Amino acid sequence: MEKKILDRLINDNKNAFYVFDSDKLKERIGFLRKHLPEDVELCYAVKANPFISKELEDIVERFEICSPGEADICCELEIDSSKMVISGVYKTPEVIEEMVRKADFSGIFTAESLTQYRQLCELSERYDQKLTVLLRLTNDSQFGMNDEDIIDIISKRTEYKNIYIKGIQYFSGTQKTSIKRFKRELEQLDKFLIKLHEEYGFDADELEYGTGFPVSYFEGENSDDSELIDGFSELLKNMTYKANIVLELGRSIAACCGTYYTHIVDIKQNKGINYALIDGGMHHIVYFGQHMAMKKPYFSIVGKEINDDDKLWTICGSLCSMNDIVVKQVPLADIEIGDVLCFENTGAYCMTEGISLLLSRDIPGIYIVRNENELYKVRDSFETKNINTPKYERIC
Ligand SMILES: Cc1ncc(COP(=O)(O)O)c(C=O)c1O
């Protein structure tokens, strides 16, 4: 982003705000494609950051949508339904029915339970609509189904002529760093797909796999994930069963494009500790793995060098919670009220996972920058006090 764009944003925003950089997003997709086998497709998990979905429209093959709200957002952005995977542990029956009824909906549905599968079968018959389904295999959590349930569905698959079972979906978890674990999972999935072929005559066309590739949020961590992704790609190439592979990624795509800006609004020393208070805080910056600022996130001070000094600072948010510590005991020289801090890698989950209604503070504005100097506001900053104000309406 050009300096004049940042200057303008700082000038226009008296409170915290996020900037998502579309160019960084494109670079990241390019990086992933360079390190993954050529024919692997990418599916963006919208939950990681709905605000960048449009930026990704032409550079990923799919969007994983986990709620009616996410579906509405993608429809509003005019993302083609053929790119949508309607996923989620609970699918609101009325919303699914509405999608099935629409003759022009051509997305994929995941079935996460026998109930969900039966519902899809029943709707496909009632509306005489062809539906494409991925069966979600559990990762030993509340998500997906046991392999026996999937086998049961596969064995009886000819009962429903309108259902096309495209393959299997599997989500590994998030922040997965162990190549051994990927190896174990992919070997199990490979075996399972071969078993479905050999014993049940079912050829899965697709494996949609949520890898949970990690993002480095803190100083001292390895921020180069190329080795892990190269290793993972080798594992994919070694699979015996050849299905179309779709990787479902959220934070690994989104995190790097985001920066969060927040102002220092007060400075004090309490019992020998130097505190800088910011107008944002932990309701806006959520880093997976952070607790009470035990780890140091990547951050800078706009327009100033971070010079190590004897003076240590603890940076705290404005939530009136003792937990609201963002950075602990860092050496910073010359900070003052009005300085703007910039936190990196805040493009995934930060803007939605924070406890945004606590204290009825404002929700930050969100901007997208394209081509270094094209600036778009995609959400105004807004007050939450209306949501938290009781409005009495006598019911009886
Ligand atoms: C089914 C599914 N796919 C993909 C993701 C994205 O995970 P991550 O952001 O770690 O890539 C999630 C996250 O919860 C998920 O539940």
# chains A, B, ... in the order shown; residues from 1 in each chain; ligands from 1

$ residues_near_ligand --ligand "ligand 1" --cutoff "6 Å" --atoms "only C-alpha atoms and all ligand atoms" --output "list of chain:residue names"
A:Ala45, A:Ala48, A:Phe171, A:Thr174, A:Gln175, A:Gly210, A:Gly212, A:Phe213, A:Glu248, A:Leu249, A:Gly250, A:Arg251, A:Ser252

$ write_last_selection --atoms "N, CA and C atoms" --output "PDB file, in the first residue's frame"
ATOM      1  N   ALA A  45     -12.207 -20.882   2.919  1.00  0.00           N
ATOM      2  CA  ALA A  45     -13.175 -20.980   4.018  1.00  0.00           C
ATOM      3  C   ALA A  45     -13.582 -19.560   4.415  1.00  0.00           C
ATOM      4  N   ALA A  48     -12.964 -17.385   7.676  1.00  0.00           N
ATOM      5  CA  ALA A  48     -11.697 -16.756   8.063  1.00  0.00           C
ATOM      6  C   ALA A  48     -11.761 -15.240   7.892  1.00  0.00           C
ATOM      7  N   PHE A 171     -11.693 -32.416   7.499  1.00  0.00           N
ATOM      8  CA  PHE A 171     -10.993 -31.241   8.043  1.00  0.00           C
ATOM      9  C   PHE A 171     -10.061 -31.689   9.161  1.00  0.00           C
ATOM     10  N   THR A 174      -7.004 -26.880  13.014  1.00  0.00           N
ATOM     11  CA  THR A 174      -6.330 -25.646  12.592  1.00  0.00           C
ATOM     12  C   THR A 174      -4.917 -25.554  13.170  1.00  0.00           C
ATOM     13  N   GLN A 175      -4.083 -24.747  12.546  1.00  0.00           N
ATOM     14  CA  GLN A 175      -2.679 -24.548  12.946  1.00  0.00           C
ATOM     15  C   GLN A 175      -1.932 -25.892  13.022  1.00  0.00           C
ATOM     16  N   GLY A 210      -9.432 -30.094   4.412  1.00  0.00           N
ATOM     17  CA  GLY A 210      -9.070 -28.863   5.135  1.00  0.00           C
ATOM     18  C   GLY A 210      -7.783 -29.144   5.880  1.00  0.00           C
ATOM     19  N   GLY A 212      -5.732 -27.002   7.478  1.00  0.00           N
ATOM     20  CA  GLY A 212      -5.404 -26.203   8.674  1.00  0.00           C
ATOM     21  C   GLY A 212      -3.958 -25.752   8.667  1.00  0.00           C
ATOM     22  N   PHE A 213      -3.417 -25.421   7.481  1.00  0.00           N
ATOM     23  CA  PHE A 213      -2.015 -24.954   7.437  1.00  0.00           C
ATOM     24  C   PHE A 213      -1.818 -23.818   8.436  1.00  0.00           C
ATOM     25  N   GLU A 248      -9.166 -26.959   1.426  1.00  0.00           N
ATOM     26  CA  GLU A 248     -10.009 -25.951   2.087  1.00  0.00           C
ATOM     27  C   GLU A 248      -9.127 -25.176   3.051  1.00  0.00           C
ATOM     28  N   LEU A 249      -8.896 -23.908   2.764  1.00  0.00           N
ATOM     29  CA  LEU A 249      -7.978 -23.116   3.596  1.00  0.00           C
ATOM     30  C   LEU A 249      -8.624 -21.819   4.030  1.00  0.00           C
ATOM     31  N   GLY A 250      -8.416 -21.466   5.290  1.00  0.00           N
ATOM     32  CA  GLY A 250      -8.912 -20.192   5.786  1.00  0.00           C
ATOM     33  C   GLY A 250      -7.738 -19.283   6.121  1.00  0.00           C
ATOM     34  N   ARG A 251      -7.195 -19.460   7.314  1.00  0.00           N
ATOM     35  CA  ARG A 251      -6.179 -18.503   7.782  1.00  0.00           C
ATOM     36  C   ARG A 251      -4.927 -18.509   6.903  1.00  0.00           C
ATOM     37  N   SER A 252      -4.603 -19.660   6.336  1.00  0.00           N
ATOM     38  CA  SER A 252      -3.382 -19.728   5.538  1.00  0.00           C
ATOM     39  C   SER A 252      -3.485 -18.839   4.289  1.00  0.00           C
TER      40      SER A 252
END

$ residues_around --residues "range 90-92 of chain A" --least-positions-apart "2" --cutoff "10 Å" --atoms "only C-alpha atoms" --output "CSV table (one decimal) with N, CA and C atoms, in the first residue's frame"
chain,number,residue,atom,x,y,z
A,66,CYS,N,-20.4,-21.9,5.7
A,66,CYS,CA,-20.8,-22.7,6.9
A,66,CYS,C,-22.0,-22.2,7.6
A,67,SER,N,-22.7,-21.2,7.0
A,67,SER,CA,-23.9,-20.7,7.7
A,67,SER,C,-24.8,-20.0,6.7
A,68,PRO,N,-26.1,-19.8,7.1
A,68,PRO,CA,-26.9,-19.0,6.2
A,68,PRO,C,-26.4,-17.6,6.0
A,86,ILE,N,-21.7,-25.8,0.4
A,86,ILE,CA,-22.5,-25.5,1.6
A,86,ILE,C,-22.2,-26.5,2.6
A,87,SER,N,-21.4,-26.0,3.6
A,87,SER,CA,-20.9,-26.9,4.6
A,87,SER,C,-21.5,-26.6,5.9
A,88,GLY,N,-20.9,-27.1,7.0
A,88,GLY,CA,-21.4,-26.7,8.3
A,88,GLY,C,-22.0,-27.8,9.1
A,94,GLU,N,-34.6,-24.9,6.6
A,94,GLU,CA,-35.4,-24.1,5.7
A,94,GLU,C,-34.4,-23.4,4.7
A,95,VAL,N,-33.2,-23.1,5.1
A,95,VAL,CA,-32.3,-22.5,4.2
A,95,VAL,C,-31.8,-23.5,3.1
A,96,ILE,N,-31.6,-24.7,3.5
A,96,ILE,CA,-31.1,-25.7,2.6
A,96,ILE,C,-32.3,-26.0,1.6
A,97,GLU,N,-33.5,-26.0,2.1
A,97,GLU,CA,-34.7,-26.3,1.2
A,97,GLU,C,-34.8,-25.2,0.2
A,109,PHE,N,-23.2,-29.6,-1.6
A,109,PHE,CA,-23.6,-29.7,-0.2
A,109,PHE,C,-22.7,-30.7,0.4
A,110,THR,N,-22.3,-30.4,1.7
A,110,THR,CA,-21.7,-31.5,2.4
A,110,THR,C,-22.7,-32.1,3.3
A,111,ALA,N,-22.6,-33.4,3.5
A,111,ALA,CA,-23.5,-34.1,4.5
A,111,ALA,C,-22.6,-34.5,5.7
A,112,GLU,N,-22.9,-33.9,6.8
A,112,GLU,CA,-22.1,-34.0,8.0
A,112,GLU,C,-22.7,-35.1,9.0
A,113,SER,N,-23.9,-35.6,8.7
A,113,SER,CA,-24.5,-36.6,9.5
A,113,SER,C,-25.5,-37.3,8.7
A,116,GLN,N,-28.5,-35.1,8.0
A,116,GLN,CA,-28.3,-34.1,6.9
A,116,GLN,C,-28.4,-34.8,5.6
A,143,PHE,N,-17.7,-33.1,14.3
A,143,PHE,CA,-17.9,-32.9,12.9
A,143,PHE,C,-17.9,-34.2,12.1

$ select_by_dssp --residues "range 136-341 of chain A" --states "alpha helix (DSSP H)" --output "MDAnalysis selection string"
chainID A and resid 147:155 179:200 226:237 251:254

$ write_last_selection --atoms "N, CA and C atoms" --output "compact mmCIF listing (two decimals), in the first residue's frame"
# COMPACT_ATOMS: atom_id res chain seq x y z
N ASP A 147 -16.68 -43.66 9.61
CA ASP A 147 -16.54 -44.32 8.30
C ASP A 147 -17.66 -45.34 8.06
N GLU A 148 -18.18 -45.98 9.15
CA GLU A 148 -19.27 -46.96 8.94
C GLU A 148 -20.52 -46.26 8.38
N ASP A 149 -20.78 -45.05 8.87
CA ASP A 149 -21.97 -44.33 8.37
C ASP A 149 -21.80 -43.98 6.89
N ILE A 150 -20.58 -43.58 6.55
CA ILE A 150 -20.31 -43.23 5.14
C ILE A 150 -20.46 -44.48 4.27
N ILE A 151 -19.94 -45.60 4.79
CA ILE A 151 -20.05 -46.86 4.03
C ILE A 151 -21.52 -47.24 3.85
N ASP A 152 -22.29 -47.02 4.91
CA ASP A 152 -23.73 -47.34 4.83
C ASP A 152 -24.40 -46.50 3.72
N ILE A 153 -24.06 -45.22 3.69
CA ILE A 153 -24.64 -44.34 2.66
C ILE A 153 -24.21 -44.81 1.26
N ILE A 154 -22.91 -45.10 1.15
CA ILE A 154 -22.36 -45.51 -0.16
C ILE A 154 -23.02 -46.82 -0.63
N SER A 155 -23.22 -47.74 0.31
CA SER A 155 -23.80 -49.05 -0.07
C SER A 155 -25.22 -48.89 -0.64
N ILE A 179 4.12 -32.62 9.81
CA ILE A 179 4.06 -33.34 8.54
C ILE A 179 3.71 -34.81 8.81
N LYS A 180 4.14 -35.28 9.98
CA LYS A 180 3.82 -36.69 10.35
C LYS A 180 2.32 -36.87 10.46
N ARG A 181 1.68 -35.86 11.04
CA ARG A 181 0.24 -35.96 11.20
C ARG A 181 -0.47 -35.92 9.84
N PHE A 182 0.01 -35.03 8.94
CA PHE A 182 -0.56 -35.00 7.58
C PHE A 182 -0.40 -36.37 6.92
N LYS A 183 0.80 -36.94 7.11
CA LYS A 183 1.10 -38.23 6.48
C LYS A 183 0.11 -39.28 6.97
N ARG A 184 -0.07 -39.30 8.29
CA ARG A 184 -0.96 -40.30 8.89
C ARG A 184 -2.39 -40.12 8.35
N GLU A 185 -2.83 -38.87 8.32
CA GLU A 185 -4.21 -38.61 7.87
C GLU A 185 -4.40 -38.95 6.39
N LEU A 186 -3.42 -38.52 5.58
CA LEU A 186 -3.58 -38.77 4.14
C LEU A 186 -3.49 -40.26 3.83
N GLU A 187 -2.67 -40.98 4.59
CA GLU A 187 -2.61 -42.44 4.38
C GLU A 187 -3.94 -43.09 4.74
N GLN A 188 -4.53 -42.60 5.84
CA GLN A 188 -5.84 -43.16 6.24
C GLN A 188 -6.91 -42.85 5.20
N LEU A 189 -6.88 -41.60 4.72
CA LEU A 189 -7.87 -41.22 3.70
C LEU A 189 -7.67 -42.02 2.42
N ASP A 190 -6.41 -42.21 2.06
CA ASP A 190 -6.08 -43.00 0.87
C ASP A 190 -6.66 -44.41 1.01
N LYS A 191 -6.41 -45.01 2.16
CA LYS A 191 -6.89 -46.39 2.42
C LYS A 191 -8.42 -46.44 2.34
N PHE A 192 -9.05 -45.42 2.91
CA PHE A 192 -10.50 -45.39 2.94
C PHE A 192 -11.07 -45.27 1.52
N LEU A 193 -10.46 -44.42 0.71
CA LEU A 193 -10.94 -44.24 -0.67
C LEU A 193 -10.74 -45.53 -1.48
N ILE A 194 -9.62 -46.20 -1.22
CA ILE A 194 -9.36 -47.47 -1.92
C ILE A 194 -10.38 -48.52 -1.49
N LYS A 195 -10.66 -48.53 -0.19
CA LYS A 195 -11.65 -49.49 0.33
C LYS A 195 -13.02 -49.25 -0.33
N LEU A 196 -13.41 -47.97 -0.43
CA LEU A 196 -14.71 -47.66 -1.05
C LEU A 196 -14.75 -48.16 -2.50
N HIS A 197 -13.60 -48.06 -3.15
CA HIS A 197 -13.52 -48.51 -4.56
C HIS A 197 -13.57 -50.04 -4.62
N GLU A 198 -12.70 -50.67 -3.82
CA GLU A 198 -12.55 -52.13 -3.96
C GLU A 198 -13.75 -52.89 -3.39
N GLU A 199 -14.24 -52.46 -2.25
CA GLU A 199 -15.30 -53.25 -1.60
C GLU A 199 -16.70 -52.79 -1.94
N TYR A 200 -16.84 -51.53 -2.36
CA TYR A 200 -18.21 -51.02 -2.59
C TYR A 200 -18.40 -50.47 -4.00
N SER A 226 7.03 -22.75 3.41
CA SER A 226 7.22 -23.42 2.12
C SER A 226 7.64 -24.88 2.31
N GLU A 227 8.48 -25.11 3.32
CA GLU A 227 8.96 -26.49 3.52
C GLU A 227 7.79 -27.42 3.88
N LEU A 228 6.93 -26.93 4.76
CA LEU A 228 5.78 -27.73 5.19
C LEU A 228 4.86 -28.02 3.99
N ILE A 229 4.62 -26.98 3.19
CA ILE A 229 3.69 -27.16 2.06
C ILE A 229 4.33 -28.05 0.99
N ASP A 230 5.64 -27.91 0.78
CA ASP A 230 6.33 -28.81 -0.17
C ASP A 230 6.21 -30.26 0.32
N GLY A 231 6.43 -30.45 1.62
CA GLY A 231 6.35 -31.81 2.19
C GLY A 231 4.94 -32.36 2.04
N PHE A 232 3.96 -31.50 2.29
CA PHE A 232 2.56 -31.91 2.16
C PHE A 232 2.25 -32.29 0.71
N SER A 233 2.80 -31.51 -0.24
CA SER A 233 2.55 -31.78 -1.66
C SER A 233 3.10 -33.14 -2.06
N GLU A 234 4.27 -33.49 -1.51
CA GLU A 234 4.84 -34.81 -1.80
C GLU A 234 3.89 -35.90 -1.32
N LEU A 235 3.31 -35.68 -0.14
CA LEU A 235 2.37 -36.67 0.40
C LEU A 235 1.17 -36.84 -0.53
N LEU A 236 0.69 -35.71 -1.04
CA LEU A 236 -0.46 -35.78 -1.97
C LEU A 236 -0.09 -36.58 -3.21
N LYS A 237 1.12 -36.31 -3.73
CA LYS A 237 1.55 -37.01 -4.95
C LYS A 237 1.69 -38.51 -4.70
N ARG A 251 -7.20 -19.46 7.31
CA ARG A 251 -6.18 -18.50 7.78
C ARG A 251 -4.93 -18.51 6.90
N SER A 252 -4.60 -19.66 6.34
CA SER A 252 -3.38 -19.73 5.54
C SER A 252 -3.49 -18.84 4.29
N ILE A 253 -4.71 -18.63 3.81
CA ILE A 253 -4.91 -17.70 2.69
C ILE A 253 -5.02 -16.27 3.22
N ALA A 254 -5.82 -16.10 4.28
CA ALA A 254 -6.27 -14.74 4.63
C ALA A 254 -5.34 -13.95 5.55

$ residues_around --residues "Lys24 in chain A" --least-positions-apart "6" --cutoff "10 Å" --atoms "only C-alpha atoms" --output "PDB file with N, CA and C atoms, in the first residue's frame"
ATOM      1  N   MET A   1       0.854  -1.192   0.000  1.00  0.00           N
ATOM      2  CA  MET A   1       0.000   0.000   0.000  1.00  0.00           C
ATOM      3  C   MET A   1       0.891   1.244   0.000  1.00  0.00           C
ATOM      4  N   GLY A  30      -0.659 -17.134  -5.252  1.00  0.00           N
ATOM      5  CA  GLY A  30       0.409 -17.512  -6.193  1.00  0.00           C
ATOM      6  C   GLY A  30       1.431 -18.404  -5.493  1.00  0.00           C
ATOM      7  N   ILE A 253      -4.712 -18.631   3.813  1.00  0.00           N
ATOM      8  CA  ILE A 253      -4.909 -17.701   2.689  1.00  0.00           C
ATOM      9  C   ILE A 253      -5.023 -16.270   3.218  1.00  0.00           C
ATOM     10  N   ALA A 254      -5.816 -16.097   4.282  1.00  0.00           N
ATOM     11  CA  ALA A 254      -6.269 -14.743   4.627  1.00  0.00           C
ATOM     12  C   ALA A 254      -5.342 -13.949   5.553  1.00  0.00           C
ATOM     13  N   ALA A 255      -4.651 -14.624   6.458  1.00  0.00           N
ATOM     14  CA  ALA A 255      -3.984 -13.886   7.549  1.00  0.00           C
ATOM     15  C   ALA A 255      -3.031 -12.812   7.030  1.00  0.00           C
ATOM     16  N   CYS A 256      -2.208 -13.163   6.044  1.00  0.00           N
ATOM     17  CA  CYS A 256      -1.121 -12.254   5.645  1.00  0.00           C
ATOM     18  C   CYS A 256      -1.619 -10.960   5.013  1.00  0.00           C
ATOM     19  N   CYS A 257      -2.872 -10.934   4.556  1.00  0.00           N
ATOM     20  CA  CYS A 257      -3.316  -9.725   3.838  1.00  0.00           C
ATOM     21  C   CYS A 257      -3.763  -8.617   4.798  1.00  0.00           C
ATOM     22  N   GLY A 258      -3.845  -8.922   6.106  1.00  0.00           N
ATOM     23  CA  GLY A 258      -4.476  -7.965   7.008  1.00  0.00           C
ATOM     24  C   GLY A 258      -3.523  -7.215   7.925  1.00  0.00           C
ATOM     25  N   VAL A 369      -7.408  -2.479  -0.019  1.00  0.00           N
ATOM     26  CA  VAL A 369      -6.544  -1.763  -0.961  1.00  0.00           C
ATOM     27  C   VAL A 369      -6.234  -2.698  -2.123  1.00  0.00           C
ATOM     28  N   ARG A 370      -6.400  -2.181  -3.339  1.00  0.00           N
ATOM     29  CA  ARG A 370      -6.026  -2.944  -4.531  1.00  0.00           C
ATOM     30  C   ARG A 370      -4.970  -2.156  -5.287  1.00  0.00           C
ATOM     31  N   ASN A 371      -4.100  -2.854  -5.960  1.00  0.00           N
ATOM     32  CA  ASN A 371      -3.084  -2.229  -6.831  1.00  0.00           C
ATOM     33  C   ASN A 371      -2.359  -1.083  -6.126  1.00  0.00           C
ATOM     34  N   GLU A 372      -2.023  -1.291  -4.865  1.00  0.00           N
ATOM     35  CA  GLU A 372      -1.224  -0.339  -4.072  1.00  0.00           C
ATOM     36  C   GLU A 372      -1.950   0.953  -3.713  1.00  0.00           C
TER      37      GLU A 372
END

$ residues_around --residues "Phe20 in chain A" --least-positions-apart "3" --cutoff "12 Å" --atoms "only C-alpha atoms" --output "ChimeraX atom specification"
/A:1,6,17,23-26,49-55,254-261,344-348,350-351,365-372,374-379

$ write_last_selection --atoms "C-alpha atoms" --output "compact mmCIF listing (two decimals), in the first residue's frame"
# COMPACT_ATOMS: atom_id res chain seq x y z
CA MET A 1 0.00 0.00 0.00
CA LEU A 6 -2.02 5.00 4.76
CA PHE A 17 -9.39 0.08 11.69
CA ASP A 23 -2.27 -7.61 -3.78
CA LYS A 24 -0.86 -9.55 -0.84
CA LEU A 25 -3.77 -11.94 -1.16
CA LYS A 26 -2.96 -12.57 -4.82
CA ASN A 49 -12.62 -13.35 6.64
CA PRO A 50 -15.83 -12.71 4.70
CA PHE A 51 -14.63 -9.22 3.70
CA ILE A 52 -12.04 -10.51 1.22
CA SER A 53 -14.30 -13.04 -0.52
CA LYS A 54 -14.82 -10.85 -3.60
CA GLU A 55 -11.06 -10.32 -3.92
CA ALA A 254 -6.27 -14.74 4.63
CA ALA A 255 -3.98 -13.89 7.55
CA CYS A 256 -1.12 -12.25 5.65
CA CYS A 257 -3.32 -9.73 3.84
CA GLY A 258 -4.48 -7.96 7.01
CA THR A 259 -3.09 -5.15 9.12
CA TYR A 260 -4.83 -3.66 12.12
CA TYR A 261 -4.17 -0.07 13.13
CA GLU A 344 0.53 -7.67 11.07
CA ASN A 345 -1.10 -10.92 9.98
CA THR A 346 -4.53 -9.86 11.15
CA GLY A 347 -6.40 -10.86 7.99
CA ALA A 348 -8.00 -14.00 9.43
CA CYS A 350 -9.51 -11.11 14.08
CA MET A 351 -12.42 -9.01 12.87
CA GLY A 365 -14.08 0.20 9.91
CA ILE A 366 -12.63 -2.07 7.23
CA TYR A 367 -10.79 -1.07 4.05
CA ILE A 368 -9.52 -2.96 1.04
CA VAL A 369 -6.54 -1.76 -0.96
CA ARG A 370 -6.03 -2.94 -4.53
CA ASN A 371 -3.08 -2.23 -6.83
CA GLU A 372 -1.22 -0.34 -4.07
CA GLU A 374 -6.98 1.92 -4.97
CA LEU A 375 -8.77 2.30 -1.67
CA TYR A 376 -12.24 0.92 -0.87
CA LYS A 377 -14.19 1.17 2.34
CA VAL A 378 -16.03 -2.15 2.75
CA ARG A 379 -17.47 -1.52 6.20

$ select_by_dssp --residues "range 7-187 of chain A" --states "strand (DSSP E or B)" --output "VMD selection string"
chain A and resid 17 to 21 41 to 45 62 to 65 84 to 86 108 to 111 131 to 137 145 163 to 171

$ residues_around --residues "Val40 in chain A" --least-positions-apart "2" --cutoff "6 Å" --atoms "only C-alpha atoms" --output "list in words"
Pro37, Glu38, Ile245 and Val246 of chain A

$ residues_around --residues "range 282-296 of chain A" --least-positions-apart "5" --cutoff "6 Å" --atoms "only C-alpha atoms" --output "CSV table (one decimal) with C-alpha atoms, in the first residue's frame"
chain,number,residue,atom,x,y,z
A,218,PHE,CA,4.5,-14.4,16.9
A,219,GLU,CA,8.2,-13.4,16.9
A,323,ASN,CA,-6.9,-9.8,30.3
A,324,ASP,CA,-6.8,-7.1,27.6
A,325,ILE,CA,-3.1,-7.1,27.2
A,326,VAL,CA,-1.9,-7.0,23.6
A,327,VAL,CA,1.9,-6.9,24.0
A,328,LYS,CA,3.9,-7.3,27.2
A,350,CYS,CA,-9.5,-11.1,14.1
A,351,MET,CA,-12.4,-9.0,12.9
A,354,GLY,CA,-13.2,-10.8,19.1
A,355,ILE,CA,-15.6,-10.2,21.9
A,356,SER,CA,-16.9,-7.2,20.1

$ closest_residue --among "A:Gly107, A:Glu78, A:Tyr117, A:Glu353" --to "Pro93 in chain A" --atoms "only C-alpha atoms"
A:Tyr117

$ atom_distance --atom1 "CA of Ser82 in chain A" --atom2 "CA of Leu32 in chain A"
22.5 Å

$ closest_residue --among "A:Asp7, A:Asp104, A:Glu221, A:Asp39" --to "Ala243 in chain A" --atoms "only C-alpha atoms"
A:Asp39

$ atom_distance --atom1 "CA of Asp12 in chain A" --atom2 "CA of Ser381 in chain A"
11.4 Å

$ closest_residue --among "A:Ser216, A:Ser318, A:Asn244, A:Gln329" --to "Gly272 in chain A" --atoms "only C-alpha atoms"
A:Gln329

$ atom_distance --atom1 "CA of Cys43 in chain A" --atom2 "CA of Asp80 in chain A"
13.5 Å

$ closest_residue --among "A:Ile108, A:Ser141, A:Val215, A:Arg118" --to "Tyr164 in chain A" --atoms "only C-alpha atoms"
A:Ile108
